[in-house]
Amino acid sequence: MTAFGDSFRVAWIDMCFVRHNILSILVTCLVSPLLYLVAFGYGLGQGMTVEGFDYISFMIPGVIALSTLTSCFSTVSTKVMTQRVYYQSFDELFLCSMSPVSIVLGKSYAGVVRGLISAFILYALGLCVSADMNLTASAIVMIVISCLVFSMLGVACGMLANSHLTQTLITSLIIMPMTFLCGTLFSLDALPGFAQAIIGVLPLTHTTGCIRASILGTAFPWTSLLIILVFGFVFAAVSVYVVRKGRS
Amino acid sequence: MEPQTASSSAPPMDDIVTVRDLTVRFGDFTAVDGISFQVRRGEIFGFLGPNGAGKTTTIRTITTIQRPTSGSVVIDGHDIRNDYLEARKRIGIAQQHISLDKDLTVRQNLKQHALLHKIPKSELKEKVESTASILELGDYMERKVESLSGGWKRKTAIVASIIHDPTILFLDEPTAGLDTRSRHMLWDLVRMLNRKGTTIFLTTHYIEEAESLCDRVAIINHGSIVAIGTVDELREKIGKVAVESTDPDGKTVISYFPTREDAKGYTDTLGDDYFNVRRTTLEDVFLELTGESRGKLA
């Protein structure tokens, strides 16, 4: 059995949880993105044009990228941290003969599922309200990649955080700034050069660029795709390292 | 009544666990201090010690949950530093804390354990049912783990630990929190598993449990092993016959002697003072060797 095949065995129990709680997951996945849509899209952005598109068409791909971050990261990091620190059921993964790669992949799948659910509901909504948005294979692939990358980040943080306080700190210092500053809700062209350079090192900037380009049919930023893949590899490597290192 | 000893299979021919100079430190605190011992294939091996002695840290290190600071552990020929995945295939462990997913049912937790230990999907259902029946979990299978009493949670954890038929089963304080009936049921389970060929490594601070179940016992205190051997060998270390008497202040004094004849020589000097001659127990050995006894060596 390969590491990939074994990862589904690791993921099974988290998928049970998703299946049993699908309604509450749907609600929690969608509340924030829909609020952004209403507040920023219709509230503030009515009549605005950004990068040649009306604001709603510009914003929805950004919110899709944002939902892949928030859904995937919070699902996985909370689950992993809780299982490690509070339930201590994560020990079972240290006791079985699953490879660290299988464990990291398997733990990321629940986040990927939640991310895909929220992203595709928003995508469907966007296709209904915006004539500029397109359903493309590249957009679907980019959404899947984005979910996987941020789920890996969730695994890494879940393995490193030892309490809800630490996790809240990570969310406040890393996730929240990314949420607002990475071109999800406004164009980065409006920012000064140094700010763009700083924001350019954050992964959400690049997933947003790739998803937006795929959905709106603009020039695809291949460099951003490469950067996202590097981030994904780094997050996965950190997660594998921490899992291999064990509980302490 | 003589304590019941475990009836294990034919004498083991090799060591299934070899621990050499194992040390585990957490910052400045040394939890396990350079211990060495072997567990023979097919035996029930006990780790007896008070709370904080290093039993759980030792078991977590041997089973690869915890990293050692130094030293080596070999499980059935596989060094846990280099070959931990192979070592893990041979291990089952029921930890002191219940490491089950409390949001899910007993059945789901058992199935998850079976999946993680790579039991083929075609055998999963039957394996879960048959293993669960060993500890009469049938009526509890669809209940969430969080709704179970402490005793049933522990039984579920033990069933989960044996679902993949491990070669060696580690039990960390397996009967802590259980009522008497459940405790004896668990002892019977341990003996049954051992008769089927599973080597058992258990930690306990219940002396009766160590005396009743274990072929050999290691006494651990402050991270170090103070003695290791069969119950009889450990009794011989301090003297197989104990004499309880009282000193002029009325305090109980326990003295130990190799034989009854030696003890009689001592009791003849006590005259009409109160004394009681009895067999040295593992509790006496434990208290004497860990320095917590009120008695004195003769």
# chains A, B, ... in the order shown; residues from 1 in each chain; ligands from 1
>>> residues_around(residues="stretch 190-205 of chain B", least_positions_apart="6", cutoff="7 Å", atoms="only C-alpha atoms", output="ChimeraX atom specification")
/B:6,8-9,41-50,55,167-173
>>> closest_atom_pairs(of="chain B", to="chain A", cutoff="9 Å", atoms="only C-alpha atoms", output="JSON lines")
{"residue": "B:Thr63", "atom": "CA", "partner": "A:Leu95", "partner_atom": "CA", "distance": 6.9}
{"residue": "B:Thr64", "atom": "CA", "partner": "A:Leu95", "partner_atom": "CA", "distance": 6.9}
{"residue": "B:Ile65", "atom": "CA", "partner": "A:Phe94", "partner_atom": "CA", "distance": 5.5}
{"residue": "B:Gln66", "atom": "CA", "partner": "A:Arg247", "partner_atom": "CA", "distance": 6.1}
{"residue": "B:Arg67", "atom": "CA", "partner": "A:Ser248", "partner_atom": "CA", "distance": 6.8}
{"residue": "B:Tyr84", "atom": "CA", "partner": "A:Ser97", "partner_atom": "CA", "distance": 8.0}
{"residue": "B:Leu85", "atom": "CA", "partner": "A:Ser97", "partner_atom": "CA", "distance": 4.7}
{"residue": "B:Glu86", "atom": "CA", "partner": "A:Ser97", "partner_atom": "CA", "distance": 6.8}
{"residue": "B:Ala87", "atom": "CA", "partner": "A:Ser97", "partner_atom": "CA", "distance": 8.1}
{"residue": "B:Arg88", "atom": "CA", "partner": "A:Ser97", "partner_atom": "CA", "distance": 5.5}
{"residue": "B:Lys89", "atom": "CA", "partner": "A:Ser97", "partner_atom": "CA", "distance": 5.7}
{"residue": "B:Ile91", "atom": "CA", "partner": "A:Leu95", "partner_atom": "CA", "distance": 7.7}
{"residue": "B:Gly92", "atom": "CA", "partner": "A:Leu95", "partner_atom": "CA", "distance": 7.7}
{"residue": "B:Ile93", "atom": "CA", "partner": "A:Leu95", "partner_atom": "CA", "distance": 7.9}
{"residue": "B:His97", "atom": "CA", "partner": "A:Gln88", "partner_atom": "CA", "distance": 7.9}
{"residue": "B:Ile98", "atom": "CA", "partner": "A:Gln88", "partner_atom": "CA", "distance": 7.6}
{"residue": "B:Ser99", "atom": "CA", "partner": "A:Ser89", "partner_atom": "CA", "distance": 4.1}
{"residue": "B:Leu100", "atom": "CA", "partner": "A:Ser89", "partner_atom": "CA", "distance": 5.1}
{"residue": "B:Asp101", "atom": "CA", "partner": "A:Ser89", "partner_atom": "CA", "distance": 5.8}
{"residue": "B:Lys102", "atom": "CA", "partner": "A:Tyr87", "partner_atom": "CA", "distance": 7.2}
{"residue": "B:Asp103", "atom": "CA", "partner": "A:Phe17", "partner_atom": "CA", "distance": 7.8}
{"residue": "B:Leu104", "atom": "CA", "partner": "A:Phe17", "partner_atom": "CA", "distance": 7.5}
{"residue": "B:Gln108", "atom": "CA", "partner": "A:Ile13", "partner_atom": "CA", "distance": 7.3}
{"residue": "B:Asn109", "atom": "CA", "partner": "A:Ile13", "partner_atom": "CA", "distance": 7.8}
{"residue": "B:Lys111", "atom": "CA", "partner": "A:Ile13", "partner_atom": "CA", "distance": 8.7}
{"residue": "B:Gln112", "atom": "CA", "partner": "A:Ile13", "partner_atom": "CA", "distance": 6.2}
{"residue": "B:His113", "atom": "CA", "partner": "A:Glu92", "partner_atom": "CA", "distance": 7.7}
{"residue": "B:Leu115", "atom": "CA", "partner": "A:Arg9", "partner_atom": "CA", "distance": 5.5}
{"residue": "B:Leu116", "atom": "CA", "partner": "A:Cys96", "partner_atom": "CA", "distance": 6.0}
{"residue": "B:His117", "atom": "CA", "partner": "A:Cys96", "partner_atom": "CA", "distance": 5.7}
{"residue": "B:Lys118", "atom": "CA", "partner": "A:Arg9", "partner_atom": "CA", "distance": 8.0}
>>> write_last_selection(atoms="N, CA and C atoms", output="PDB file, in the first residue's frame")
ATOM      1  N   THR B  63       7.464   2.603  23.050  1.00  0.00           N
ATOM      2  CA  THR B  63       6.462   2.435  21.994  1.00  0.00           C
ATOM      3  C   THR B  63       6.532   3.533  20.937  1.00  0.00           C
ATOM      4  N   THR B  64       7.582   4.332  20.977  1.00  0.00           N
ATOM      5  CA  THR B  64       7.919   5.352  19.955  1.00  0.00           C
ATOM      6  C   THR B  64       7.020   6.575  19.952  1.00  0.00           C
ATOM      7  N   ILE B  65       6.191   6.751  20.963  1.00  0.00           N
ATOM      8  CA  ILE B  65       5.407   7.995  21.031  1.00  0.00           C
ATOM      9  C   ILE B  65       6.334   9.133  21.439  1.00  0.00           C
ATOM     10  N   GLN B  66       7.246   8.823  22.322  1.00  0.00           N
ATOM     11  CA  GLN B  66       8.169   9.797  22.892  1.00  0.00           C
ATOM     12  C   GLN B  66       9.559   9.505  22.356  1.00  0.00           C
ATOM     13  N   ARG B  67      10.353  10.562  22.136  1.00  0.00           N
ATOM     14  CA  ARG B  67      11.733  10.334  21.697  1.00  0.00           C
ATOM     15  C   ARG B  67      12.648  10.193  22.901  1.00  0.00           C
ATOM     16  N   TYR B  84      11.503   2.390  13.085  1.00  0.00           N
ATOM     17  CA  TYR B  84      10.376   2.493  14.001  1.00  0.00           C
ATOM     18  C   TYR B  84       9.065   2.024  13.391  1.00  0.00           C
ATOM     19  N   LEU B  85       8.937   2.146  12.071  1.00  0.00           N
ATOM     20  CA  LEU B  85       7.683   1.706  11.439  1.00  0.00           C
ATOM     21  C   LEU B  85       7.508   0.197  11.581  1.00  0.00           C
ATOM     22  N   GLU B  86       8.578  -0.555  11.408  1.00  0.00           N
ATOM     23  CA  GLU B  86       8.498  -2.014  11.584  1.00  0.00           C
ATOM     24  C   GLU B  86       8.245  -2.367  13.050  1.00  0.00           C
ATOM     25  N   ALA B  87       8.893  -1.612  13.940  1.00  0.00           N
ATOM     26  CA  ALA B  87       8.682  -1.862  15.372  1.00  0.00           C
ATOM     27  C   ALA B  87       7.216  -1.636  15.736  1.00  0.00           C
ATOM     28  N   ARG B  88       6.634  -0.579  15.174  1.00  0.00           N
ATOM     29  CA  ARG B  88       5.250  -0.225  15.509  1.00  0.00           C
ATOM     30  C   ARG B  88       4.262  -1.288  15.060  1.00  0.00           C
ATOM     31  N   LYS B  89       4.599  -2.016  14.012  1.00  0.00           N
ATOM     32  CA  LYS B  89       3.677  -3.063  13.527  1.00  0.00           C
ATOM     33  C   LYS B  89       3.475  -4.142  14.572  1.00  0.00           C
ATOM     34  N   ILE B  91       3.561  -3.651  17.876  1.00  0.00           N
ATOM     35  CA  ILE B  91       3.190  -3.082  19.173  1.00  0.00           C
ATOM     36  C   ILE B  91       1.699  -2.777  19.230  1.00  0.00           C
ATOM     37  N   GLY B  92       1.105  -3.055  20.393  1.00  0.00           N
ATOM     38  CA  GLY B  92      -0.205  -2.509  20.712  1.00  0.00           C
ATOM     39  C   GLY B  92      -0.058  -1.834  22.061  1.00  0.00           C
ATOM     40  N   ILE B  93      -0.758  -0.736  22.255  1.00  0.00           N
ATOM     41  CA  ILE B  93      -0.660  -0.069  23.549  1.00  0.00           C
ATOM     42  C   ILE B  93      -2.000   0.507  23.967  1.00  0.00           C
ATOM     43  N   HIS B  97      -3.976   7.449  29.712  1.00  0.00           N
ATOM     44  CA  HIS B  97      -5.097   8.298  29.319  1.00  0.00           C
ATOM     45  C   HIS B  97      -5.796   7.616  28.138  1.00  0.00           C
ATOM     46  N   ILE B  98      -7.052   7.888  27.994  1.00  0.00           N
ATOM     47  CA  ILE B  98      -7.834   7.232  26.944  1.00  0.00           C
ATOM     48  C   ILE B  98      -7.627   8.012  25.645  1.00  0.00           C
ATOM     49  N   SER B  99      -6.920   7.399  24.701  1.00  0.00           N
ATOM     50  CA  SER B  99      -6.602   8.120  23.465  1.00  0.00           C
ATOM     51  C   SER B  99      -7.580   7.751  22.351  1.00  0.00           C
ATOM     52  N   LEU B 100      -8.849   7.823  22.660  1.00  0.00           N
ATOM     53  CA  LEU B 100      -9.882   7.573  21.654  1.00  0.00           C
ATOM     54  C   LEU B 100     -10.508   8.902  21.234  1.00  0.00           C
ATOM     55  N   ASP B 101     -11.099   8.921  20.047  1.00  0.00           N
ATOM     56  CA  ASP B 101     -11.769  10.125  19.577  1.00  0.00           C
ATOM     57  C   ASP B 101     -13.143  10.183  20.233  1.00  0.00           C
ATOM     58  N   LYS B 102     -13.315  11.129  21.134  1.00  0.00           N
ATOM     59  CA  LYS B 102     -14.520  11.142  21.957  1.00  0.00           C
ATOM     60  C   LYS B 102     -15.761  11.587  21.188  1.00  0.00           C
ATOM     61  N   ASP B 103     -15.564  12.192  20.020  1.00  0.00           N
ATOM     62  CA  ASP B 103     -16.716  12.636  19.234  1.00  0.00           C
ATOM     63  C   ASP B 103     -17.364  11.493  18.466  1.00  0.00           C
ATOM     64  N   LEU B 104     -16.695  10.358  18.415  1.00  0.00           N
ATOM     65  CA  LEU B 104     -17.184   9.260  17.587  1.00  0.00           C
ATOM     66  C   LEU B 104     -17.568   8.058  18.442  1.00  0.00           C
ATOM     67  N   GLN B 108     -16.746   3.172  15.524  1.00  0.00           N
ATOM     68  CA  GLN B 108     -15.932   3.995  14.637  1.00  0.00           C
ATOM     69  C   GLN B 108     -14.492   4.069  15.124  1.00  0.00           C
ATOM     70  N   ASN B 109     -14.306   4.169  16.419  1.00  0.00           N
ATOM     71  CA  ASN B 109     -12.948   4.190  16.961  1.00  0.00           C
ATOM     72  C   ASN B 109     -12.226   2.871  16.700  1.00  0.00           C
ATOM     73  N   LYS B 111     -12.876   0.769  14.317  1.00  0.00           N
ATOM     74  CA  LYS B 111     -12.628   0.666  12.878  1.00  0.00           C
ATOM     75  C   LYS B 111     -11.425   1.524  12.488  1.00  0.00           C
ATOM     76  N   GLN B 112     -11.332   2.703  13.103  1.00  0.00           N
ATOM     77  CA  GLN B 112     -10.196   3.582  12.799  1.00  0.00           C
ATOM     78  C   GLN B 112      -8.883   2.899  13.184  1.00  0.00           C
ATOM     79  N   HIS B 113      -8.849   2.277  14.346  1.00  0.00           N
ATOM     80  CA  HIS B 113      -7.638   1.569  14.759  1.00  0.00           C
ATOM     81  C   HIS B 113      -7.301   0.465  13.771  1.00  0.00           C
ATOM     82  N   LEU B 115      -8.112   0.333  10.634  1.00  0.00           N
ATOM     83  CA  LEU B 115      -7.632   0.950   9.386  1.00  0.00           C
ATOM     84  C   LEU B 115      -6.192   1.408   9.526  1.00  0.00           C
ATOM     85  N   LEU B 116      -5.891   2.060  10.653  1.00  0.00           N
ATOM     86  CA  LEU B 116      -4.531   2.577  10.841  1.00  0.00           C
ATOM     87  C   LEU B 116      -3.507   1.451  10.905  1.00  0.00           C
ATOM     88  N   HIS B 117      -3.926   0.301  11.379  1.00  0.00           N
ATOM     89  CA  HIS B 117      -3.013  -0.840  11.442  1.00  0.00           C
ATOM     90  C   HIS B 117      -3.128  -1.732  10.208  1.00  0.00           C
ATOM     91  N   LYS B 118      -3.706  -1.168   9.158  1.00  0.00           N
ATOM     92  CA  LYS B 118      -3.689  -1.770   7.812  1.00  0.00           C
ATOM     93  C   LYS B 118      -4.354  -3.143   7.754  1.00  0.00           C
TER      94      LYS B 118
END
>>> select_by_dssp(residues="stretch 51-147 of chain A", states="alpha helix (DSSP H)", output="CSV table (one decimal) with N, CA and C atoms, in the first residue's frame")
chain,number,residue,atom,x,y,z
A,55,TYR,N,-16.8,45.4,-9.3
A,55,TYR,CA,-16.2,45.0,-8.1
A,55,TYR,C,-16.6,43.6,-7.7
A,56,ILE,N,-17.9,43.3,-7.9
A,56,ILE,CA,-18.4,41.9,-7.5
A,56,ILE,C,-17.6,40.8,-8.2
A,57,SER,N,-17.4,41.0,-9.6
A,57,SER,CA,-16.7,40.1,-10.4
A,57,SER,C,-15.3,40.0,-9.9
A,58,PHE,N,-14.7,41.1,-9.5
A,58,PHE,CA,-13.3,41.1,-9.0
A,58,PHE,C,-13.2,40.4,-7.7
A,59,MET,N,-14.2,40.7,-6.8
A,59,MET,CA,-14.1,40.3,-5.4
A,59,MET,C,-14.4,38.8,-5.2
A,60,ILE,N,-15.4,38.2,-6.0
A,60,ILE,CA,-15.8,36.9,-5.7
A,60,ILE,C,-14.6,35.9,-5.8
A,61,PRO,N,-13.8,35.9,-6.9
A,61,PRO,CA,-12.7,35.0,-6.9
A,61,PRO,C,-11.7,35.2,-5.7
A,62,GLY,N,-11.6,36.4,-5.2
A,62,GLY,CA,-10.8,36.7,-4.0
A,62,GLY,C,-11.4,36.0,-2.8
A,63,VAL,N,-12.7,36.1,-2.7
A,63,VAL,CA,-13.4,35.5,-1.5
A,63,VAL,C,-13.3,34.0,-1.6
A,64,ILE,N,-13.4,33.4,-2.8
A,64,ILE,CA,-13.2,32.0,-3.0
A,64,ILE,C,-11.8,31.6,-2.5
A,65,ALA,N,-10.8,32.3,-2.9
A,65,ALA,CA,-9.4,32.0,-2.4
A,65,ALA,C,-9.4,32.1,-0.9
A,66,LEU,N,-10.0,33.2,-0.4
A,66,LEU,CA,-10.0,33.4,1.0
A,66,LEU,C,-10.7,32.3,1.8
A,67,SER,N,-11.8,31.8,1.2
A,67,SER,CA,-12.5,30.7,1.9
A,67,SER,C,-11.7,29.4,1.9
A,68,THR,N,-10.8,29.2,0.8
A,68,THR,CA,-10.0,28.0,0.8
A,68,THR,C,-9.0,28.1,2.0
A,69,LEU,N,-8.5,29.4,2.3
A,69,LEU,CA,-7.6,29.5,3.4
A,69,LEU,C,-8.3,29.3,4.7
A,70,THR,N,-9.3,30.0,4.9
A,70,THR,CA,-10.0,30.0,6.3
A,70,THR,C,-10.6,28.7,6.6
A,71,SER,N,-11.3,28.1,5.6
A,71,SER,CA,-12.0,26.8,5.9
A,71,SER,C,-10.9,25.7,6.1
A,72,CYS,N,-10.0,25.6,5.2
A,72,CYS,CA,-9.0,24.5,5.3
A,72,CYS,C,-8.1,24.7,6.5
A,73,PHE,N,-7.6,25.9,6.7
A,73,PHE,CA,-6.6,26.1,7.8
A,73,PHE,C,-7.3,25.8,9.1
A,74,SER,N,-8.4,26.5,9.3
A,74,SER,CA,-9.1,26.4,10.7
A,74,SER,C,-9.5,24.9,10.9
A,75,THR,N,-10.1,24.3,9.9
A,75,THR,CA,-10.6,22.9,10.1
A,75,THR,C,-9.4,22.0,10.6
A,76,VAL,N,-8.3,22.1,9.8
A,76,VAL,CA,-7.3,21.1,10.0
A,76,VAL,C,-6.5,21.5,11.3
A,77,SER,N,-6.1,22.7,11.4
A,77,SER,CA,-5.3,23.1,12.6
A,77,SER,C,-6.0,22.8,13.9
A,78,THR,N,-7.3,23.2,13.9
A,78,THR,CA,-8.1,23.0,15.2
A,78,THR,C,-8.2,21.5,15.5
A,79,LYS,N,-8.5,20.7,14.4
A,79,LYS,CA,-8.7,19.2,14.6
A,79,LYS,C,-7.4,18.6,15.1
A,80,VAL,N,-6.3,18.9,14.4
A,80,VAL,CA,-5.0,18.3,14.8
A,80,VAL,C,-4.6,18.7,16.2
A,81,MET,N,-4.7,20.0,16.5
A,81,MET,CA,-4.3,20.5,17.8
A,81,MET,C,-5.2,19.9,18.9
A,91,ASP,N,-2.0,10.4,19.4
A,91,ASP,CA,-1.0,9.4,19.7
A,91,ASP,C,-1.2,8.1,18.9
A,92,GLU,N,-2.4,7.8,18.5
A,92,GLU,CA,-2.7,6.6,17.8
A,92,GLU,C,-1.9,6.6,16.4
A,93,LEU,N,-1.7,7.8,15.9
A,93,LEU,CA,-1.0,8.0,14.7
A,93,LEU,C,0.5,7.8,14.9
A,94,PHE,N,1.0,8.1,16.1
A,94,PHE,CA,2.4,7.8,16.4
A,94,PHE,C,2.6,6.3,16.7
A,95,LEU,N,1.5,5.6,16.9
A,95,LEU,CA,1.7,4.2,17.3
A,95,LEU,C,1.5,3.2,16.1
A,100,PRO,N,4.9,9.1,8.0
A,100,PRO,CA,4.6,10.5,8.3
A,100,PRO,C,3.9,11.2,7.1
A,101,VAL,N,4.3,10.8,5.9
A,101,VAL,CA,3.7,11.4,4.7
A,101,VAL,C,2.2,11.1,4.6
A,102,SER,N,1.9,9.8,4.9
A,102,SER,CA,0.5,9.4,4.9
A,102,SER,C,-0.3,10.1,5.9
A,103,ILE,N,0.3,10.3,7.1
A,103,ILE,CA,-0.4,11.0,8.2
A,103,ILE,C,-0.7,12.4,7.8
A,104,VAL,N,0.3,13.1,7.3
A,104,VAL,CA,0.1,14.5,7.0
A,104,VAL,C,-0.9,14.7,5.8
A,105,LEU,N,-0.8,13.9,4.8
A,105,LEU,CA,-1.8,13.9,3.7
A,105,LEU,C,-3.2,13.6,4.3
A,106,GLY,N,-3.3,12.5,5.0
A,106,GLY,CA,-4.6,12.1,5.5
A,106,GLY,C,-5.2,13.1,6.4
A,107,LYS,N,-4.5,13.8,7.2
A,107,LYS,CA,-5.0,14.8,8.1
A,107,LYS,C,-5.4,16.1,7.4
A,108,SER,N,-4.9,16.3,6.2
A,108,SER,CA,-5.3,17.5,5.4
A,108,SER,C,-6.6,17.3,4.6
A,109,TYR,N,-7.0,16.0,4.5
A,109,TYR,CA,-8.2,15.8,3.6
A,109,TYR,C,-9.5,16.4,4.1
A,110,ALA,N,-9.7,16.4,5.4
A,110,ALA,CA,-10.9,16.9,5.9
A,110,ALA,C,-11.0,18.4,5.6
A,111,GLY,N,-9.8,19.1,5.7
A,111,GLY,CA,-9.8,20.5,5.4
A,111,GLY,C,-10.0,20.8,3.9
A,112,VAL,N,-9.5,19.9,3.1
A,112,VAL,CA,-9.7,20.0,1.7
A,112,VAL,C,-11.2,19.9,1.3
A,113,VAL,N,-11.8,18.9,2.0
A,113,VAL,CA,-13.3,18.7,1.7
A,113,VAL,C,-14.1,20.0,2.1
A,114,ARG,N,-13.8,20.5,3.3
A,114,ARG,CA,-14.5,21.7,3.7
A,114,ARG,C,-14.2,22.9,2.8
A,115,GLY,N,-12.9,23.0,2.4
A,115,GLY,CA,-12.6,24.1,1.6
A,115,GLY,C,-13.3,24.0,0.2
A,116,LEU,N,-13.3,22.8,-0.3
A,116,LEU,CA,-14.0,22.6,-1.6
A,116,LEU,C,-15.5,22.9,-1.5
A,117,ILE,N,-16.1,22.5,-0.5
A,117,ILE,CA,-17.5,22.8,-0.3
A,117,ILE,C,-17.8,24.3,-0.3
A,118,SER,N,-17.1,25.0,0.5
A,118,SER,CA,-17.3,26.4,0.5
A,118,SER,C,-16.9,27.1,-0.7
A,119,ALA,N,-15.8,26.7,-1.3
A,119,ALA,CA,-15.3,27.4,-2.5
A,119,ALA,C,-16.3,27.2,-3.7
A,120,PHE,N,-16.8,26.0,-3.8
A,120,PHE,CA,-17.6,25.7,-5.0
A,120,PHE,C,-19.1,26.3,-4.8
A,121,ILE,N,-19.5,26.4,-3.6
A,121,ILE,CA,-20.8,27.1,-3.4
A,121,ILE,C,-20.7,28.5,-3.8
A,122,LEU,N,-19.6,29.2,-3.4
A,122,LEU,CA,-19.3,30.6,-3.7
A,122,LEU,C,-19.1,30.7,-5.2
A,123,TYR,N,-18.4,29.8,-5.8
A,123,TYR,CA,-18.2,29.8,-7.3
A,123,TYR,C,-19.5,29.7,-8.0
A,124,ALA,N,-20.4,28.8,-7.6
A,124,ALA,CA,-21.7,28.7,-8.2
A,124,ALA,C,-22.5,30.0,-8.0
A,125,LEU,N,-22.5,30.5,-6.8
A,125,LEU,CA,-23.2,31.8,-6.6
A,125,LEU,C,-22.6,32.9,-7.5
A,126,GLY,N,-21.3,32.9,-7.6
A,126,GLY,CA,-20.7,34.0,-8.4
A,126,GLY,C,-21.1,33.8,-9.9
A,127,LEU,N,-21.1,32.6,-10.4
A,127,LEU,CA,-21.5,32.4,-11.8
A,127,LEU,C,-22.9,32.9,-12.0
A,128,CYS,N,-23.8,32.9,-11.0
A,128,CYS,CA,-25.1,33.3,-11.1
A,128,CYS,C,-25.2,34.9,-11.1
A,129,VAL,N,-24.4,35.5,-10.4
A,129,VAL,CA,-24.5,37.0,-10.2
A,129,VAL,C,-23.6,37.8,-11.1
A,137,ALA,N,-11.6,24.7,-16.1
A,137,ALA,CA,-10.9,23.6,-15.5
A,137,ALA,C,-9.7,24.1,-14.7
A,138,SER,N,-9.1,25.1,-15.2
A,138,SER,CA,-7.9,25.6,-14.4
A,138,SER,C,-8.3,26.2,-13.1
A,139,ALA,N,-9.5,26.8,-13.1
A,139,ALA,CA,-10.0,27.4,-11.8
A,139,ALA,C,-10.2,26.3,-10.8
A,140,ILE,N,-10.8,25.2,-11.3
A,140,ILE,CA,-11.1,24.1,-10.4
A,140,ILE,C,-9.8,23.5,-9.8
A,141,VAL,N,-8.8,23.3,-10.7
A,141,VAL,CA,-7.5,22.8,-10.3
A,141,VAL,C,-6.9,23.7,-9.3
A,142,MET,N,-6.9,25.0,-9.6
A,142,MET,CA,-6.3,26.0,-8.6
A,142,MET,C,-7.0,26.0,-7.3
A,143,ILE,N,-8.3,25.8,-7.3
A,143,ILE,CA,-9.0,25.8,-6.0
A,143,ILE,C,-8.6,24.5,-5.2
A,144,VAL,N,-8.5,23.4,-5.9
A,144,VAL,CA,-8.0,22.2,-5.2
A,144,VAL,C,-6.6,22.4,-4.7
A,145,ILE,N,-5.7,23.0,-5.5
A,145,ILE,CA,-4.3,23.2,-5.0
A,145,ILE,C,-4.3,24.1,-3.8
A,146,SER,N,-5.1,25.1,-3.9
A,146,SER,CA,-5.2,26.1,-2.8
A,146,SER,C,-5.6,25.4,-1.5
A,147,CYS,N,-6.7,24.6,-1.6
A,147,CYS,CA,-7.2,23.9,-0.5
A,147,CYS,C,-6.1,23.0,0.1
>>> residues_around(residues="A:Cys210", least_positions_apart="4", cutoff="7 Å", atoms="only C-alpha atoms", output="MDAnalysis selection string")
chainID A and resid 142 206 214 220:221 224:225
>>> write_last_selection(atoms="C-alpha atoms", output="PDB file, in the first residue's frame")
ATOM      1  CA  MET A 142      -6.307  26.003  -8.638  1.00  0.00           C
ATOM      2  CA  HIS A 206      -0.569  34.019  -5.184  1.00  0.00           C
ATOM      3  CA  SER A 214      -8.528  31.426 -14.065  1.00  0.00           C
ATOM      4  CA  PHE A 220      -2.363  33.467 -15.830  1.00  0.00           C
ATOM      5  CA  PRO A 221       0.469  34.231 -13.350  1.00  0.00           C
ATOM      6  CA  SER A 224       2.512  32.588  -8.693  1.00  0.00           C
ATOM      7  CA  LEU A 225       1.632  28.952  -9.353  1.00  0.00           C
TER       8      LEU A 225
END
>>> residues_around(residues="B:Phe257", least_positions_apart="5", cutoff="7 Å", atoms="only C-alpha atoms", output="PyMOL selection string")
chain B and resi 239-242+262-263+298
>>> write_last_selection(atoms="N, CA and C atoms", output="tab-separated table (two decimals), in the first residue's frame")
chain	number	residue	atom	x	y	z
B	239	GLY	N	14.82	-10.90	51.84
B	239	GLY	CA	14.52	-11.97	52.81
B	239	GLY	C	13.10	-12.43	52.63
B	240	LYS	N	12.91	-13.74	52.54
B	240	LYS	CA	11.60	-14.27	52.20
B	240	LYS	C	10.64	-14.32	53.37
B	241	VAL	N	11.19	-14.13	54.56
B	241	VAL	CA	10.34	-14.19	55.76
B	241	VAL	C	10.38	-12.83	56.44
B	242	ALA	N	9.21	-12.31	56.75
B	242	ALA	CA	9.10	-11.00	57.40
B	242	ALA	C	8.61	-11.18	58.83
B	262	ASP	N	16.02	-18.54	60.57
B	262	ASP	CA	16.68	-17.28	60.91
B	262	ASP	C	15.70	-16.34	61.61
B	263	ALA	N	14.48	-16.36	61.15
B	263	ALA	CA	13.46	-15.49	61.75
B	263	ALA	C	13.18	-15.92	63.19
B	298	ALA	N	17.65	-7.03	58.53
B	298	ALA	CA	18.27	-7.77	59.64
B	298	ALA	C	19.72	-8.11	59.29
>>> residues_around(residues="B:Arg235", least_positions_apart="4", cutoff="8 Å", atoms="only C-alpha atoms", output="count of residues only")
7
>>> residues_around(residues="A:Val50", least_positions_apart="4", cutoff="12 Å", atoms="only C-alpha atoms", output="JSON, numbers by chain")
{"A": [41, 45, 46, 54, 55, 56, 57, 58, 59, 183, 184, 185, 186, 187, 188, 189, 190]}
>>> write_last_selection(atoms="C-alpha atoms", output="mmCIF file, in the first residue's frame")
data_model
loop_
_atom_site.group_PDB
_atom_site.id
_atom_site.type_symbol
_atom_site.label_atom_id
_atom_site.label_comp_id
_atom_site.auth_asym_id
_atom_site.auth_seq_id
_atom_site.Cartn_x
_atom_site.Cartn_y
_atom_site.Cartn_z
ATOM 1 C CA GLY A 41 -19.551 43.530 -2.744
ATOM 2 C CA GLY A 45 -18.381 48.154 -3.921
ATOM 3 C CA GLN A 46 -21.601 48.887 -5.741
ATOM 4 C CA ASP A 54 -17.051 45.399 -11.730
ATOM 5 C CA TYR A 55 -16.223 45.000 -8.077
ATOM 6 C CA ILE A 56 -18.402 41.920 -7.493
ATOM 7 C CA SER A 57 -16.716 40.059 -10.359
ATOM 8 C CA PHE A 58 -13.307 41.130 -9.043
ATOM 9 C CA MET A 59 -14.102 40.267 -5.431
ATOM 10 C CA GLY A 183 -5.568 41.139 -2.865
ATOM 11 C CA THR A 184 -8.703 39.244 -1.929
ATOM 12 C CA LEU A 185 -10.933 42.301 -1.461
ATOM 13 C CA PHE A 186 -8.978 45.065 -3.235
ATOM 14 C CA SER A 187 -6.385 45.401 -5.933
ATOM 15 C CA LEU A 188 -2.762 45.356 -4.856
ATOM 16 C CA ASP A 189 -2.025 47.936 -7.554
ATOM 17 C CA ALA A 190 -3.313 50.540 -5.125
#
